[in-house]
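Participant: Once you've had a glance at the structure underneath, I'll fire off some questions.
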Amino acid sequence: MATFISVPLKKSSEVDLVKPLSKFVTSTYPAGDEQAEYIRAVEELDKLRRNAVGRPLDKHESSLESLLRYYDQLCAVEPKFPFSENQLCLTFTWKDAFDKGSLFGGSVKLALASLGYEKTCVLFNAAALASQIASEQNLDSDEGLKNAAKYYQLASGAFGHIKDTVLSALNREPTMDISPETVGTLSLIMLAQAQEVFFLKATTDRMKDAIIAKLSNQAADFYGDAFKQCQYKDNLPKEVLPVLAAKHCIMQANAELHQSVLAKHKKLFGEEIARLQRAAELVKTVASRYDEYVSVRELTEKINRSLAAAKKDNDFIYHDRVPELKDLEPIGKATLVKATAITPPLSQKFSDFFVKMVPTAVQQSMSVYSQRKSDTVNRLVGTMREATNLCNGVLASLNLPAALEDLSGDSVPQSIAEKARSVVQQGGLQSIEQLIKDLPELLTRNREILDEALKMLNDEETTDNELRAKFNQRWNRTPSGDLYKPLRAEGASFCNILDKAVQADQVVKDRYNAHCDMIALLCKPESELNAALPSANPAKTLQGSEVVGVLRSQLARLDQVKQEREALEKDIKDVTFDMTTTFLTALAKDGAINEEQLSAGQLDQLYSEHNQKVQANLRQQEELLAQIQTSHQEFSSLKQSNAEANLREEVLKKLASAHDSYVEISSNLREGTKFYNDLTEILLKFQNKCCDIVFARKTERDELLKELQQSIAREPSAPNFNVPAYQSQPPGAPGGPTPAPRTIFNPAPPQTPQQTQAKSQPPARPPPPVLTPPVLTPQTASAGTTQAGTSANNPPPVAPPSAAQGPPYPNYQGYPQYFQMPMGYNPYGYGQYNVPFMPYQATPGQPGYPAAPPATQGYPGYPQQPSQQQNYYPQQ
């Protein structure tokens with residue numbers, strides 16, 4: 001059976017998708033059916049992830065389908081949620097697929113708050129599972145060959161896609177298994193295996209040998225390229241390299257084999273033999289080096305049979321010259337495989353859970369467009385309100401229309417009475433004072449929320465800086481100071497907004513204090529208000545004059561202009577237009593959204609007509625005010641003037657101005673209250689965002705600390721030390737003593753100072769012992785002859801073994817007439833100290849030890865032992 005390489009799956013830690021995504025949905029979309037639908041979609045996404053990466057997967061198409069569905073859903077959801085470290089922070093943890101771990105720590109893993117990292121790892125698992133499914137196919141059937149080629153090409157395309165996108169998706173150094181070098185090699189391996197499957201298919205279908213040779217030669221090239229890529233890198237398991245080398249040789253051998261058949265058909269018998277010899281050399285190399293990984297017995301037998309037959313025919317019949325290998329034409333190549341392009345959706349059953357949700361780019365463009373629209377509306381409405389305030393101020397300075405209504409001089413003018421009733425209906429002083437009292441509380445609440453959010457960022461950044469200073473380069477995550485820059489800019493903006501709000505509140509309070517007395521007078525009953533007004537002489541002569549009629553007509557037209565302006569303001573606020581379709585179209589067409597250009601054009605189209613109406617209304621008011629001022633001068637010249645009349649007119653002006661101020665102050669205070677309440681919701685979202693990112697950073701910090709602790713535990717506790725020279729010097733090397741074997745020594749006598757100083761050199765061997773021979777008898781003579789013969793037959797001295805023997809222990813002189821027991825004859829030394837057997841080493845020039853006497857005779861010079869003690873050593 002052919003040997004194919006399959007890739008193991010990466011393992012992931014559990015991630016809670018429901019909580020952060022649901023929080024984003026509830027904070028972004030209003031409560032209703034749409035929000036509920038998105039929350040259900042989030043739950044389905046979490047379930048899909050658990051099914052795809054949260055359990056062991058079978059080598060089946062259904063498991064691959066679940067992985068591809070999850071990958072497609074990630075691609076669809078990526079532009080619709082702001083996945084990033086400082087916005088929607090989700091930390092994904094994956095282990096290296098090829099790392100087996102160590103004794104002190106787990107497998108190498110990487111945790112990143114990046115959806116691109118999750119996509120890369122899921123696609124890696126899809127490619128790995130596709131390679132496993134392909135390796136499980138039955139290659140004896142057409143369906144199995146077809147499926148294997150399909151899955152290998154899918155795996156090659158997926159690995160190639162990771163190679164092109166992993167660095168941009170992660171923005172940091174990836175783990176070894178998804179590095180561009182590793183996945184590039186895996187892509188080439190999968191492509192080579194797909195080409196080999198086509199070779200097997202062509203062989204099974206008995207296609208032409210020329211085609212089969214080209215297919216096999218191309219597969220050999222693919223395997224050779226993959227072998228070169230991983231030959232000098234330790235990024236794949238060690239079993240892969242010999243398999244690639246063997247496959248390269250096998251595919252070359254197959255190519256030569258089929259090309260030899262083609263040469264035989266062309267009657268090029270010498271070329272046939274040369275190619276078969278080359279094929280035989282290749283399979284011989286595989287059998288001798290890589291037989292543990294790939295079996296080539298059948299192919300070897302086939303090539304040898306063909307080579308023997310070809311040689312026999314050539315020797316007896318053709319006698320064709322066998323060319324050298326370099327003189328042969330190169331074999332052609334034919335590529336029938338191509339890496340599958342990774343273009344989502346990859347799953348046939350894919351359906352977007354968030355099909356109604358617009359992408360984040362469109363959401364951001366819509367947000368900016370809404371702000372531009374709001375600015376345009378506020379600019380137009382603000383212009384009209386300024387015109388209204390100007391009109392009211394001019395009329396109040398002229399005491400109109402109260403001057404026309406107060407011709408009698410002894411009653412409250414109708415316009416002043418209506419303004420008084422309006423103030424009372426709106427709550428009078430009590431409502432304004434309550435609104436002013438509530439503002440500081442709202443301000444304090446907002447400041448506390450903002451300060452708490454910024455404090456969380458500061459505390460986490462301080463901890464990060466301390467750990468970075470402690471671990472230096474090992475603390476290799478994004479600095480909190482860099483990560484929090486957008487949040488700090490947003491917080492500074494909120495602080496600036498609150499400061500400006502405080503200034504605006506003070507302006508409103510000052511204005512209220514300036515008109516407080518007159519507003520209180522307007523709140524009194526009409527009788528008290530009339531009594532508070534100074535009396536004046538009647539000016540009844542002006543009641544029927546023409547100038548009074550003209551002034552009343554002009555004031556009526558001015559009121560009509562004000563009413564038109566109010567209606568125009570309502571129309572401007574009611575203008576709506578959904579830019580979603582426009583932005584989606586631009587995103588689909590250009591891949592990006594030029595929001596400024598699209599929004600400016602659409603707003604100009606929507607509000608150009610309203611802008612023209614506003615300008616016409618302002619010009620009409622300006623003309624009427626000029627006419628009113630002219631008519632009022634004529635009215636004042638005709639009106640009888642005295643001190644009482646002037647005082648009454650001054651009070652009426654203040655009352656009219658107090659009413660206008662009351663209306664404006666009330667409006668400002670209500671807007672301020674709404675502003676603070678709206679800002680509270682915004683600040684709570686900001687606080688939640690800060691809380692989420694700080695929690696994610698804390699989780700990442702804990703993971704990194706755990707990895708650092710494991711890496712520190714794996715480090716050696718002490719630095720490497722230099723081995724002494726006498727331990728590293730080989731035995732017998734010049735310039736040093738010969739090491740003595742590690743053995744058991746008798747206790748050494750005390751050393752003298754001179755011996756201690758000369759300890760670096762071993763002492764000389766003691767002189768040979770002098771034995772007093774006993775009186776010879778016939779028995780002893782024969783024994784002596786035997787001893788001499790044995791002594792003469794002693795083996796010559798041999799060099800010590802080359803293995804390390806330890807430090808050169810010196811040999812000390814023993815007791816007189818006693819000798820150290822040779823290690824080879826010590827029955828007690830074996831198995832006690834793991835000491836190897838050492839034959840006796842004689843010193844040159846020194847005779848050997850006496851041979852042992854016969855069993856019936858003891859050693860000379862020693863007392864004879866009883867006969868039952870002769871067998872002293874255990875018999876073998």
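Residues are referred to by chain and number: the chain letter is A, B, ... according to the order shown in the structure tokens, the number counts from 1 in that chain, and ligands are numbered separately from 1 in the order shown.
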Using only C-alpha atoms, which residues sit within 12 Å of Ala309 of chain A once same-chain residues fewer than 5 positions away are excluded, as a list in words?
Facilitator: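 My list of contacting residues is Lys264, Phe269, Glu272, Ile273, Leu276, Lys302, Ile303, Asn304, Asn314, Asp315, Phe316 and Ile317 of chain A.
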Participant: Just the residues within 12 Å of Leu139 of chain A, please, counting only C-alpha atoms, with nothing from its chain fewer than 6 positions along; format it as a PyMOL selection string.
Facilitator: chain A and resi 1-4+145-149+194+196-204
Participant: Could you produce a table of the residues of segment 328-443 of chain A lying within 9 Å of segment 628-633 of chain A, with the nearest pair of atoms per residue and their separation in Å rounded to one decimal, using only C-alpha atoms, ordered by chain and increasing residue number, as a Markdown table?
Facilitator:
| residue | atom | partner | partner_atom | distance |
| --- | --- | --- | --- | --- |
| A:Val394 | CA | A:Gln629 | CA | 8.6 |
| A:Leu395 | CA | A:Ile628 | CA | 8.8 |
| A:Leu398 | CA | A:His632 | CA | 7.4 |
| A:Leu400 | CA | A:His632 | CA | 8.8 |
Participant: Quick one: write out the picked residues with C-alpha atoms as a compact mmCIF listing (two decimals), in the first residue's frame?
Facilitator:
# COMPACT_ATOMS: atom_id res chain seq x y z
CA VAL A 394 -35.82 93.85 18.96
CA LEU A 395 -39.54 93.78 19.83
CA LEU A 398 -39.32 98.55 21.41
CA LEU A 400 -43.97 95.89 21.19
Participant: Just checking: using only C-alpha atoms, which residue out of A:Ile712, A:Leu555, A:Leu307, A:Ala130 ends up closest to Ala402 of chain A?
Facilitator: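 Distance minimum relative to Ala402 of chain A lands on A:Leu555.
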Participant: Rank nothing, just name the residue among A:Leu435, A:Ile5, A:Leu112, A:Val381 nearest to Lys247 of chain A, using only C-alpha atoms.
Facilitator: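 Closest candidate: A:Ile5.
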Participant: Using only C-alpha atoms, which protein or nucleic acid residues come within 12 Å of Leu684 of chain A? Drop anything in the same chain fewer than 3 positions from it, and give the result as a PyMOL selection string.
Facilitator: chain A and resi 27+445-453+491+494+677-681+687-691
Participant: Could you pull out the alpha helix (DSSP H) residues of segment 228-403 of chain A from DSSP and send them as a ChimeraX atom specification?
Facilitator: /A:228-231,240-265,269-289,297-313,360-397,402-403
Participant: How many Å lie between atom CA of Gln503 of chain A and atom CA of Thr388 of chain A, rounded to one decimal?
Facilitator: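 We find that atom CA of Gln503 of chain A and atom CA of Thr388 of chain A lie 24.0 Å from each other.
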Participant: Applying 7 Å and only C-alpha atoms, which residues near segment 295-300 of chain A remain after dropping the ones on its own chain fewer than 5 positions away? List them as a count of residues only.
Facilitator: 3
Participant: Using only C-alpha atoms for the distances, tell me which of A:Lys208, A:Lys437, A:Lys338, A:Arg477 is nearest to Asn465 of chain A.
Facilitator: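 Selected residue with least distance to Asn465 of chain A: A:Arg477.
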Participant: Between atom CA of Arg670 of chain A and atom CA of Asp438 of chain A, what is the distance, to one decimal in Å?
Facilitator: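 About the pair atom CA of Arg670 of chain A and atom CA of Asp438 of chain A: they are 10.5 Å apart.
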Participant: What's the separation between atom CA of Ala41 of chain A and atom CA of Pro345 of chain A, in Å to one decimal place?
Facilitator: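 Answer for the atom CA of Ala41 of chain A to atom CA of Pro345 of chain A separation: 17.9 Å.
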Participant: Tell me which of A:Tyr369, A:Gly393, A:Val15, A:Ala504 sits closest to Thr582 of chain A, counting only C-alpha atoms.
Facilitator: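 Using only C-alpha atoms, Thr582 of chain A sits closest to A:Tyr369.
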